[in-house]
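Here's the structure we're looking at; comments come further down.
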Amino acid sequence: MTSVPPERCHPPGLVEASHRLRPFPSLDGVRALAVAAVVLFHYPTRGFIRGGLFGVDVFFALSGFLVTAGLLDEWSDTGGIRIQRFLSRRAWRLVPALLGLLVVYLLLAGFFRDSRWLSSNPFGVYDGHPLPMVRALQGVGAALLYGYNFLLAGGHPTPSSLGHLWTLAIEGQFYVGWVLVVRWVVREHPRALIAVILAGAAGSAITPWLIWHGGAGANAIYFGTLPRLQQLLAGAAVAVLWRQGTFDRLPAGVLRLVGTTGAAALVVLCFTVGDVTFKYLGAESVTAVASAGIIVFLVAAPAASLVGRVLSTAPLTWLGRRSYGVYLWHWPLAEWTNRVPHRIGVPLGIGLSLALAEASWRLIERPAQRWARQRATRRSPEPVGETGTPAPARSVT
């Protein structure tokens with residue numbers, strides 16, 4: 001690791017914070033509710049939750065918080081941020097399960113490319129259509145390169161069964177860019193990190209208004225990376241302020257108000273806002289602020305709070321920890337079961353999503369993470385602090 005000047009090893013306002021990233025079961029509960037909203041929207045049950053896709057915005061905010069807090073922990077512990085190590089951890093967390101989905105998809109596309117059920121989109125193309133193998137391969141390539149959102153933002157034809165992977169593309173692009181930004185800022189101008197985050201979020205929030213063009217820019221707004229950065233950066237802002245102890249000075253009543261207001265805003269959006277102009281102009285900024293408010297409350301309020309206890313219950317934490325697998329599998333299964341009568345297809349598709357997510361968690365995701373940790377331990381010496389003693393171990397969420 002490149003050495004840094006002693007005065008930069010512990011950036012003022014960051015290392016003095018007593019808060020470090022640790023498991024937050026209540027955030028798993030939030031993730032569970034978010035993925036439930038997305039799943040219900042993607043199935044014929046969407047009539048009950050017209051804005052269920054706003055659950056994706058919550059995922060983005062949570063990712064921004066967790067990733068930024070983890071990067072700042074590493075900086076405080078070691079005086080540096082190892083980009084390759086960070087990206088390797090992210091890849092081992094996300095890519096193996098994605099490969100599992102893509103392998104199954106290609107096998108089905110190879111055997112059933114002339115069948116209509118493979119693309120029986122529950123959003124209107126009910127009969128589906130044959131899927132050329134070349135298009136299936138193009139979609140898989142875009143998914144593996146984490147550029148799927150560019151295809152959708154540009155209006156290019158894509159395999160509908162992989163359409164939900166645009167969110168993974170945005171997060172992957174964010175990880176690569178954000179680790180570079182954070183490392184540079186905390187080395188050169190550590191006190192400016194929050195200003196950089198807020199400026200980036202403001203620029204992102206303005207972007208939809210600049211590219212709307214009477215609705216012609218709807219796809220670019222919804223699937224574009226820049227308009228979505230505001231949600232990721234909202235979570236990042238919470239991470240910086242939380243580490244600095246900013247929220248410790250807020251009364252419990254204020255924290256409750258912040259969390260309650262954020263939750264109420266998201267509930268209203270999920271149940272009332274469909275495909276209208278506000279979805280593209282304004283709503284994404286509301287969800288960014290609302291998601292940040294929920295995270296502030298859950299990480300700053302006492303863990304024994306009633307809301308925290310409810311969100312930390314076993315069913316919600318179970319679903320939250322497997323939400324990635326549920327998200328990967330639920331949309332293809334919504335298509336593949338769409339031609340079955342809905343009273344059978346909906347519970348079948350959702351049930352299979354949960355079962356495959358559990359299988360992915362046990363057989364792919366956890367083994368891959370264990371192997372990656374063992375590999376990192378063999379390859380990297382234990383980080384040390386300024387005194388030469390081992391740096392504190394960092395919790396992984």
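Within each chain, counting starts at residue 1; across the structure tokens, chains are named A, B, ... in the order shown, with ligands numbered 1 upward in that order.
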
Which residues, written as a list in words, have at least one atom at most 10 Å from range 90-93 of chain A, with only C-alpha atoms counted and residues fewer than 3 positions away on the same chain left out? Val67, Gln84, Arg85, Phe86, Leu87, Pro96, Ala97, Leu98, Gly172, Tyr175, Val176, Tyr324, Ile364, Glu365, Arg366, Pro367, Ala368, Gln369, Arg370, Trp371, Ala372 and Arg373 of chain A

Could you write out, as a PyMOL selection string, all the residues of range 54-298 of chain A that DSSP marks as alpha helix (DSSP H)? chain A and resi 55-78+83-112+133-144+148-153+166-188+193-211+218-223+225-243+252-272+277-280+283-298

I'd like the neighbourhood of range 231-233 of chain A as a VMD selection string, where a residue qualifies if any of its atoms comes within 12 Å (using only C-alpha atoms), though same-chain residues fewer than 6 positions away should be ignored. chain A and resid 54 to 69 167 170 to 175 178 182 193 to 205 225 239 to 240 283 to 293

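Interatomic distance, CA of Arg362 in chain A to CA of Leu40 in chain A: 24.4 Å.
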
Residues near Val258 in chain A, anyone? I mean within 12 Å using only C-alpha atoms, not counting same-chain ones fewer than 2 positions away, as a JSON list (two decimals) with N, CA and C atoms, in the first residue's frame.
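Output contents, as saved in out.json:
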[["chain", "number", "residue", "atom", "x", "y", "z"],
["A", 247, "PHE", "N", -25.39, 13.17, 14.46],
["A", 247, "PHE", "CA", -26.75, 12.82, 14.89],
["A", 247, "PHE", "C", -26.84, 12.59, 16.39],
["A", 250, "LEU", "N", -28.76, 15.29, 18.20],
["A", 250, "LEU", "CA", -30.19, 15.48, 17.93],
["A", 250, "LEU", "C", -31.03, 14.81, 19.01],
["A", 251, "PRO", "N", -32.05, 15.46, 19.51],
["A", 251, "PRO", "CA", -32.95, 14.84, 20.49],
["A", 251, "PRO", "C", -33.65, 13.62, 19.89],
["A", 252, "ALA", "N", -34.03, 12.71, 20.76],
["A", 252, "ALA", "CA", -34.70, 11.49, 20.29],
["A", 252, "ALA", "C", -35.97, 11.82, 19.52],
["A", 253, "GLY", "N", -36.68, 12.86, 19.96],
["A", 253, "GLY", "CA", -37.91, 13.24, 19.28],
["A", 253, "GLY", "C", -37.66, 13.69, 17.85],
["A", 254, "VAL", "N", -36.56, 14.39, 17.63],
["A", 254, "VAL", "CA", -36.22, 14.82, 16.28],
["A", 254, "VAL", "C", -35.87, 13.62, 15.40],
["A", 255, "LEU", "N", -35.12, 12.67, 15.96],
["A", 255, "LEU", "CA", -34.78, 11.47, 15.20],
["A", 255, "LEU", "C", -36.04, 10.70, 14.81],
["A", 256, "ARG", "N", -36.98, 10.59, 15.75],
["A", 256, "ARG", "CA", -38.23, 9.89, 15.44],
["A", 256, "ARG", "C", -38.98, 10.61, 14.33],
["A", 260, "THR", "N", -39.91, 8.92, 10.86],
["A", 260, "THR", "CA", -41.33, 8.76, 10.57],
["A", 260, "THR", "C", -41.72, 9.49, 9.29],
["A", 261, "THR", "N", -41.19, 10.69, 9.13],
["A", 261, "THR", "CA", -41.49, 11.45, 7.92],
["A", 261, "THR", "C", -40.96, 10.74, 6.68],
["A", 262, "GLY", "N", -39.74, 10.22, 6.76],
["A", 262, "GLY", "CA", -39.18, 9.49, 5.63],
["A", 262, "GLY", "C", -39.99, 8.26, 5.29],
["A", 263, "ALA", "N", -40.38, 7.49, 6.31],
["A", 263, "ALA", "CA", -41.17, 6.29, 6.07],
["A", 263, "ALA", "C", -42.53, 6.62, 5.48],
["A", 264, "ALA", "N", -43.17, 7.66, 6.01],
["A", 264, "ALA", "CA", -44.49, 8.05, 5.51],
["A", 264, "ALA", "C", -44.41, 8.48, 4.05],
["A", 265, "ALA", "N", -43.36, 9.23, 3.71],
["A", 265, "ALA", "CA", -43.21, 9.67, 2.32],
["A", 265, "ALA", "C", -43.06, 8.48, 1.38],
["A", 289, "VAL", "N", -34.12, 11.68, -0.07],
["A", 289, "VAL", "CA", -34.17, 12.32, 1.25],
["A", 289, "VAL", "C", -34.91, 11.42, 2.25],
["A", 290, "ALA", "N", -36.01, 10.82, 1.81],
["A", 290, "ALA", "CA", -36.80, 9.97, 2.71],
["A", 290, "ALA", "C", -35.99, 8.75, 3.16],
["A", 291, "SER", "N", -35.29, 8.11, 2.22],
["A", 291, "SER", "CA", -34.47, 6.95, 2.57],
["A", 291, "SER", "C", -33.36, 7.34, 3.54],
["A", 292, "ALA", "N", -32.75, 8.50, 3.30],
["A", 292, "ALA", "CA", -31.71, 8.98, 4.20],
["A", 292, "ALA", "C", -32.28, 9.20, 5.60],
["A", 293, "GLY", "N", -33.48, 9.74, 5.69],
["A", 293, "GLY", "CA", -34.10, 9.95, 7.00],
["A", 293, "GLY", "C", -34.33, 8.66, 7.75],
["A", 294, "ILE", "N", -34.75, 7.62, 7.04],
["A", 294, "ILE", "CA", -34.96, 6.32, 7.68],
["A", 294, "ILE", "C", -33.64, 5.76, 8.19],
["A", 295, "ILE", "N", -32.59, 5.87, 7.38],
["A", 295, "ILE", "CA", -31.29, 5.35, 7.80],
["A", 295, "ILE", "C", -30.78, 6.12, 9.02],
["A", 296, "VAL", "N", -30.93, 7.44, 9.00],
["A", 296, "VAL", "CA", -30.50, 8.26, 10.15],
["A", 296, "VAL", "C", -31.17, 7.76, 11.42],
["A", 297, "PHE", "N", -32.47, 7.56, 11.37],
["A", 297, "PHE", "CA", -33.18, 7.12, 12.57],
["A", 297, "PHE", "C", -32.70, 5.76, 13.04],
["A", 298, "LEU", "N", -32.51, 4.84, 12.12],
["A", 298, "LEU", "CA", -32.18, 3.47, 12.53],
["A", 298, "LEU", "C", -30.75, 3.33, 13.04],
["A", 300, "ALA", "N", -28.96, 5.96, 14.39],
["A", 300, "ALA", "CA", -28.70, 6.90, 15.48],
["A", 300, "ALA", "C", -29.59, 6.68, 16.69],
["A", 301, "ALA", "N", -30.80, 6.14, 16.48],
["A", 301, "ALA", "CA", -31.71, 5.91, 17.60],
["A", 301, "ALA", "C", -31.28, 4.65, 18.36]]

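Between CA of Leu94 in chain A and CA of Asp77 in chain A lies a distance of 25.0 Å.
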
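Residues in contact range of range 113-115 of chain A, defined as at most 6 Å between only C-alpha atoms, with sequence neighbours fewer than 4 positions away removed, read Ala109, Pro130 and Leu131 of chain A.
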
Selection: 9 Å around range 150-165 of chain A, only C-alpha atoms, excl. self and same-chain fewer than 6 positions, as a PyMOL selection string: chain A and resi 102+105+118-121+131+135-136+138-140+142-143+217-225+327-328+331-336

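CA of Ala234 in chain A is positioned 15.2 Å from CA of Thr246 in chain A.
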
Excluding same-chain residues fewer than 2 positions from Arg50 in chain A, what lies within 6 Å of it counting only C-alpha atoms, as an MDAnalysis selection string? chainID A and resid 46:47 52 271:272 274

Could you tell me which of A:Pro25, A:Pro341, A:Gly80, A:Pro122 comes closest to Phe41 in chain A if we count only C-alpha atoms? A:Pro122

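Distance annotation: of A:Val35, A:Val267, A:Val103, A:Val30, the residue with the minimal separation from Gly325 in chain A is A:Val35; atom set is only C-alpha atoms.
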
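Distance check against Gln244 in chain A using only C-alpha atoms: of A:Pro23, A:Leu319, A:Arg191, A:Ala359, the minimum falls on A:Arg191.
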
So which one's closest to Gly351 in chain A, A:His330, A:Arg20, A:Arg187, A:Arg378? Using only C-alpha atoms, please. A:His330
